[in-house]
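Asks: Below you'll find the structure I mean.
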Amino acid sequence: MKPKHLLLLFALLLLVACQVELPKGVLSERRLERVLYDYHKAQGLADAGVIEGKSGDAQRYALQEAVFRKHNITREQFDSTMNYYCSNLERLNRIYKHLDRRLKREAEALGELEQSSSAYTSLSAEGDTANVWGGAHIIVVTNVPGNNVITWRQPCDSTWHSDDDLMWKFESKYLSRTGTPDLYADIIVTYTNDSVRAFQRRARSEGSSELQMPTPSGWTPKSIAGHLYMPSTNEAEQRALYVLSGHLLVRFRKEVKASATGNQSADSLHNVVVVSDSLQNDSARQADARDTERRLSPAEFRDQQSVDQKLDIVKERPYQPAARPSRGHLQPNRRRIQR
C-alpha cells in the first residue's frame, strides 16, 4: 500500500476514534454548534421580552423548549452534552469560535456589525491609541469547579510610556438553565516602580463590558493581568457558562490629550482677552461722553420726562381759622330810638 493511502487510512481511523470518544447521548460538535446558534438567538429574544404576559424565566423556558423541538433533542440530552463539553473546554472553545464567525457573517450581511461594533475594533497595535490585546479571541468560563477561573497576563513593551491609560473591553454571551449567572472580571496592573493597582466589576450578562484603569501621573505600566471568575457549583441542573469574545486591550496616550487640551485653552484665553479689552474701551467712551454733558436743571429734567411720568402739583391756601367773635356777637341788634 502506498504511503499516501496509509496516511488517508490513518486520518479516517482517527476521525472514527474521535466520534467513538463521545459518551452516549452527547451531541457532536457540529450538531451542538447548530443547537447553540438557535439557543442564543432564543435567549436574546427572551431577554427582550417578546412574549407578552410571561415573566423572563417563563419566556426563556418556552423559547428553549422550542429550540429543542426544532433539533429533535430533549432538555436532558442538551444538559448532558453541555456538562461534557464544560469539562472539555478545548472542544467548547472550538465550537464557539466557529459560532462567533457565523454570527459575525450574519451581522455583516444585515449591515448591523458596523453600527453595533466598538469604535476601537479597527485599532492596530501601533499608534497613540492602540489595541495591544495578545490573548485568545474566545474565552469560555463555566461554573464547573476547576474551570470557573480564567487568568491571562501580558507584559508591556517599550512602546508603553508613562501616564498611558488602558481599558479592557469584551463582548459576553451566557448559557444558563436557571436565571442569569454571575461573572466577575478584574484587571491588575503592575508598574515599573513595583506598585500594583486593581479594578473589579461584575460583567454584563449580554453585551459589552469595560474595565478602565487610569495611570497615576509619572507611572509606567510594566505588566497587565486579568481574571474571570464564576461562582462554582457541583449541581448539574445549575450548570452555566459565559462565552467572551471581541477582546480589546486599548492603550491611550495621555500626552496627545494634554497637547490638544493646551491648544484649546490658549485659544479660549485669547478670545477672552479680546472681548475684555473691547468692553473696557466701550465703557471708557461712555464715561467720557457722560462727563462732557451739561448738567440739567430740575425744571429741564422734568420737561424732558414723558407725560405719564409728570406730576402736577397744585398749591392750596393754608388753612386760617376765623377771628374769635366779640362778646356782643350773639346779642340782637337794637334799633336806635330817635327822640
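Scheme for the C-alpha cells: letters A, B, ... for chains in order shown; per-chain residue numbers from 1; ligand numbers from 1 in order shown.
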Output as a PyMOL selection string all residues of segment 70-265 of chain A that backbone DSSP marks as alpha helix (DSSP H).
Replies: chain A and resi 70+75-86+89-110+113-116+254-265
Asks: Limited to N, CA and C atoms, could you put the picked residues into a file as a compact mmCIF listing (two decimals), in the first residue's frame?
Replies:
# COMPACT_ATOMS: atom_id res chain seq x y z
N LYS A 70 -37.11 21.85 17.67
CA LYS A 70 -36.61 22.06 16.31
C LYS A 70 -35.49 21.08 15.98
N ARG A 75 -34.28 18.18 26.72
CA ARG A 75 -33.53 19.06 27.61
C ARG A 75 -32.46 18.27 28.36
N GLU A 76 -32.77 17.04 28.73
CA GLU A 76 -31.80 16.22 29.44
C GLU A 76 -30.60 15.91 28.56
N GLN A 77 -30.85 15.68 27.26
CA GLN A 77 -29.75 15.41 26.34
C GLN A 77 -28.87 16.66 26.16
N PHE A 78 -29.52 17.82 26.12
CA PHE A 78 -28.76 19.06 25.99
C PHE A 78 -27.93 19.31 27.25
N ASP A 79 -28.51 19.09 28.42
CA ASP A 79 -27.77 19.29 29.66
C ASP A 79 -26.58 18.34 29.76
N SER A 80 -26.78 17.08 29.37
CA SER A 80 -25.67 16.11 29.41
C SER A 80 -24.56 16.52 28.46
N THR A 81 -24.95 17.02 27.29
CA THR A 81 -23.95 17.46 26.31
C THR A 81 -23.15 18.64 26.84
N MET A 82 -23.83 19.61 27.46
CA MET A 82 -23.13 20.77 27.97
C MET A 82 -22.24 20.41 29.15
N ASN A 83 -22.68 19.46 29.98
CA ASN A 83 -21.83 19.02 31.09
C ASN A 83 -20.54 18.38 30.56
N TYR A 84 -20.67 17.66 29.48
CA TYR A 84 -19.48 17.01 28.91
C TYR A 84 -18.52 18.05 28.33
N TYR A 85 -19.04 18.98 27.55
CA TYR A 85 -18.17 19.96 26.90
C TYR A 85 -17.64 20.99 27.89
N CYS A 86 -18.36 21.23 28.99
CA CYS A 86 -17.82 22.13 30.01
C CYS A 86 -16.61 21.53 30.70
N LEU A 89 -12.95 22.03 27.76
CA LEU A 89 -13.02 23.40 27.28
C LEU A 89 -12.34 23.59 25.93
N GLU A 90 -11.39 22.75 25.58
CA GLU A 90 -10.74 22.90 24.28
C GLU A 90 -11.75 22.69 23.15
N ARG A 91 -12.59 21.69 23.29
CA ARG A 91 -13.62 21.45 22.28
C ARG A 91 -14.69 22.54 22.32
N LEU A 92 -15.05 22.97 23.52
CA LEU A 92 -16.07 24.01 23.62
C LEU A 92 -15.56 25.32 23.02
N ASN A 93 -14.29 25.63 23.21
CA ASN A 93 -13.71 26.82 22.58
C ASN A 93 -13.77 26.73 21.07
N ARG A 94 -13.50 25.55 20.55
CA ARG A 94 -13.54 25.37 19.10
C ARG A 94 -14.95 25.56 18.56
N ILE A 95 -15.95 25.07 19.30
CA ILE A 95 -17.34 25.23 18.87
C ILE A 95 -17.72 26.70 18.83
N TYR A 96 -17.40 27.43 19.88
CA TYR A 96 -17.79 28.84 19.93
C TYR A 96 -16.96 29.71 19.00
N LYS A 97 -15.79 29.27 18.65
CA LYS A 97 -15.02 30.01 17.65
C LYS A 97 -15.72 29.96 16.30
N HIS A 98 -16.20 28.80 15.92
CA HIS A 98 -16.97 28.68 14.68
C HIS A 98 -18.29 29.44 14.77
N LEU A 99 -18.93 29.37 15.94
CA LEU A 99 -20.20 30.04 16.13
C LEU A 99 -20.05 31.55 16.06
N ASP A 100 -18.97 32.06 16.61
CA ASP A 100 -18.74 33.51 16.57
C ASP A 100 -18.53 33.99 15.14
N ARG A 101 -17.81 33.23 14.33
CA ARG A 101 -17.64 33.59 12.92
C ARG A 101 -18.98 33.61 12.19
N ARG A 102 -19.80 32.65 12.48
CA ARG A 102 -21.12 32.59 11.82
C ARG A 102 -21.98 33.78 12.19
N LEU A 103 -21.98 34.14 13.46
CA LEU A 103 -22.78 35.29 13.89
C LEU A 103 -22.26 36.59 13.29
N LYS A 104 -20.95 36.73 13.15
CA LYS A 104 -20.39 37.93 12.56
C LYS A 104 -20.71 38.03 11.07
N ARG A 105 -20.68 36.89 10.37
CA ARG A 105 -21.02 36.91 8.95
C ARG A 105 -22.47 37.34 8.75
N GLU A 106 -23.35 36.86 9.61
CA GLU A 106 -24.76 37.26 9.51
C GLU A 106 -24.94 38.73 9.83
N ALA A 107 -24.19 39.22 10.83
CA ALA A 107 -24.30 40.64 11.18
C ALA A 107 -23.80 41.52 10.04
N GLU A 108 -22.73 41.08 9.38
CA GLU A 108 -22.23 41.85 8.24
C GLU A 108 -23.23 41.86 7.09
N ALA A 109 -23.89 40.73 6.86
CA ALA A 109 -24.88 40.65 5.78
C ALA A 109 -26.08 41.54 6.05
N LEU A 110 -26.43 41.68 7.32
CA LEU A 110 -27.56 42.53 7.69
C LEU A 110 -27.16 43.99 7.89
N LEU A 113 -23.14 44.99 11.84
CA LEU A 113 -21.84 44.91 12.53
C LEU A 113 -21.20 46.27 12.67
N GLU A 114 -21.26 47.08 11.60
CA GLU A 114 -20.63 48.39 11.66
C GLU A 114 -21.34 49.30 12.63
N GLN A 115 -22.65 49.16 12.75
CA GLN A 115 -23.41 50.04 13.63
C GLN A 115 -23.24 49.67 15.09
N SER A 116 -23.14 48.37 15.39
CA SER A 116 -23.10 47.94 16.79
C SER A 116 -21.68 47.71 17.31
N LYS A 254 -1.70 59.66 26.97
CA LYS A 254 -2.19 60.86 27.64
C LYS A 254 -1.50 62.12 27.13
N GLU A 255 -0.30 62.00 26.55
CA GLU A 255 0.42 63.17 26.07
C GLU A 255 -0.35 63.87 24.96
N VAL A 256 -0.99 63.09 24.10
CA VAL A 256 -1.75 63.67 22.99
C VAL A 256 -2.95 64.44 23.51
N LYS A 257 -3.61 63.90 24.51
CA LYS A 257 -4.76 64.58 25.11
C LYS A 257 -4.34 65.92 25.72
N ALA A 258 -3.20 65.92 26.44
CA ALA A 258 -2.76 67.15 27.10
C ALA A 258 -2.40 68.21 26.07
N SER A 259 -1.76 67.81 24.96
CA SER A 259 -1.39 68.77 23.94
C SER A 259 -2.61 69.41 23.32
N ALA A 260 -3.61 68.58 22.99
CA ALA A 260 -4.83 69.13 22.40
C ALA A 260 -5.54 70.04 23.37
N THR A 261 -5.57 69.67 24.64
CA THR A 261 -6.23 70.49 25.64
C THR A 261 -5.52 71.82 25.83
N GLY A 262 -4.16 71.82 25.77
CA GLY A 262 -3.40 73.05 25.93
C GLY A 262 -3.66 74.02 24.81
N ASN A 263 -3.72 73.55 23.56
CA ASN A 263 -4.01 74.45 22.44
C ASN A 263 -5.39 75.05 22.56
N GLN A 264 -6.34 74.25 22.96
CA GLN A 264 -7.70 74.75 23.10
C GLN A 264 -7.79 75.80 24.21
N SER A 265 -7.07 75.59 25.31
CA SER A 265 -7.12 76.55 26.40
C SER A 265 -6.50 77.88 25.99
Asks: Report as a Markdown table: every residue of segment 169-262 of chain A with an atom at most 9 Å from segment 26-50 of chain A, its closest pair of atoms, and their distance in Å to one decimal, counting only C-alpha atoms, with rows sorted by chain and ascending residue number.
Replies:
| residue | atom | partner | partner_atom | distance |
| --- | --- | --- | --- | --- |
| A:Lys173 | CA | A:His40 | CA | 7.8 |
| A:Tyr174 | CA | A:His40 | CA | 8.0 |
| A:Leu175 | CA | A:His40 | CA | 7.5 |
| A:Glu206 | CA | A:Gly44 | CA | 8.4 |
Asks: Ranking A:His227, A:Pro181, A:Gln64, A:His247 by minimum distance to Ala136 of chain A and counting only C-alpha atoms, which one comes first?
Replies: A:His247
Asks: Between atom CA of Lys169 of chain A and atom CA of Ala198 of chain A, what is the spacing in Å?
Replies: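 For atom CA of Ala198 of chain A relative to atom CA of Lys169 of chain A, the distance reads 15.4 Å.
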Asks: Quick one: pick out all strand (DSSP E) residues within segment 64-196 of chain A from a backbone DSSP run and write them as a PyMOL selection string.
Replies: chain A and resi 130-131+139-142+149-155+165-176+184-191+196
Asks: One number please: atom CA of Met167 of chain A to atom CA of Asn131 of chain A, in Å, one decimal.
Replies: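 Here the two named atoms are 9.4 Å from each other.
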Asks: One decimal, Å: what's the distance from atom CA of Ser208 of chain A over to atom CA of Arg253 of chain A, could you say?
Replies: 22.8 Å
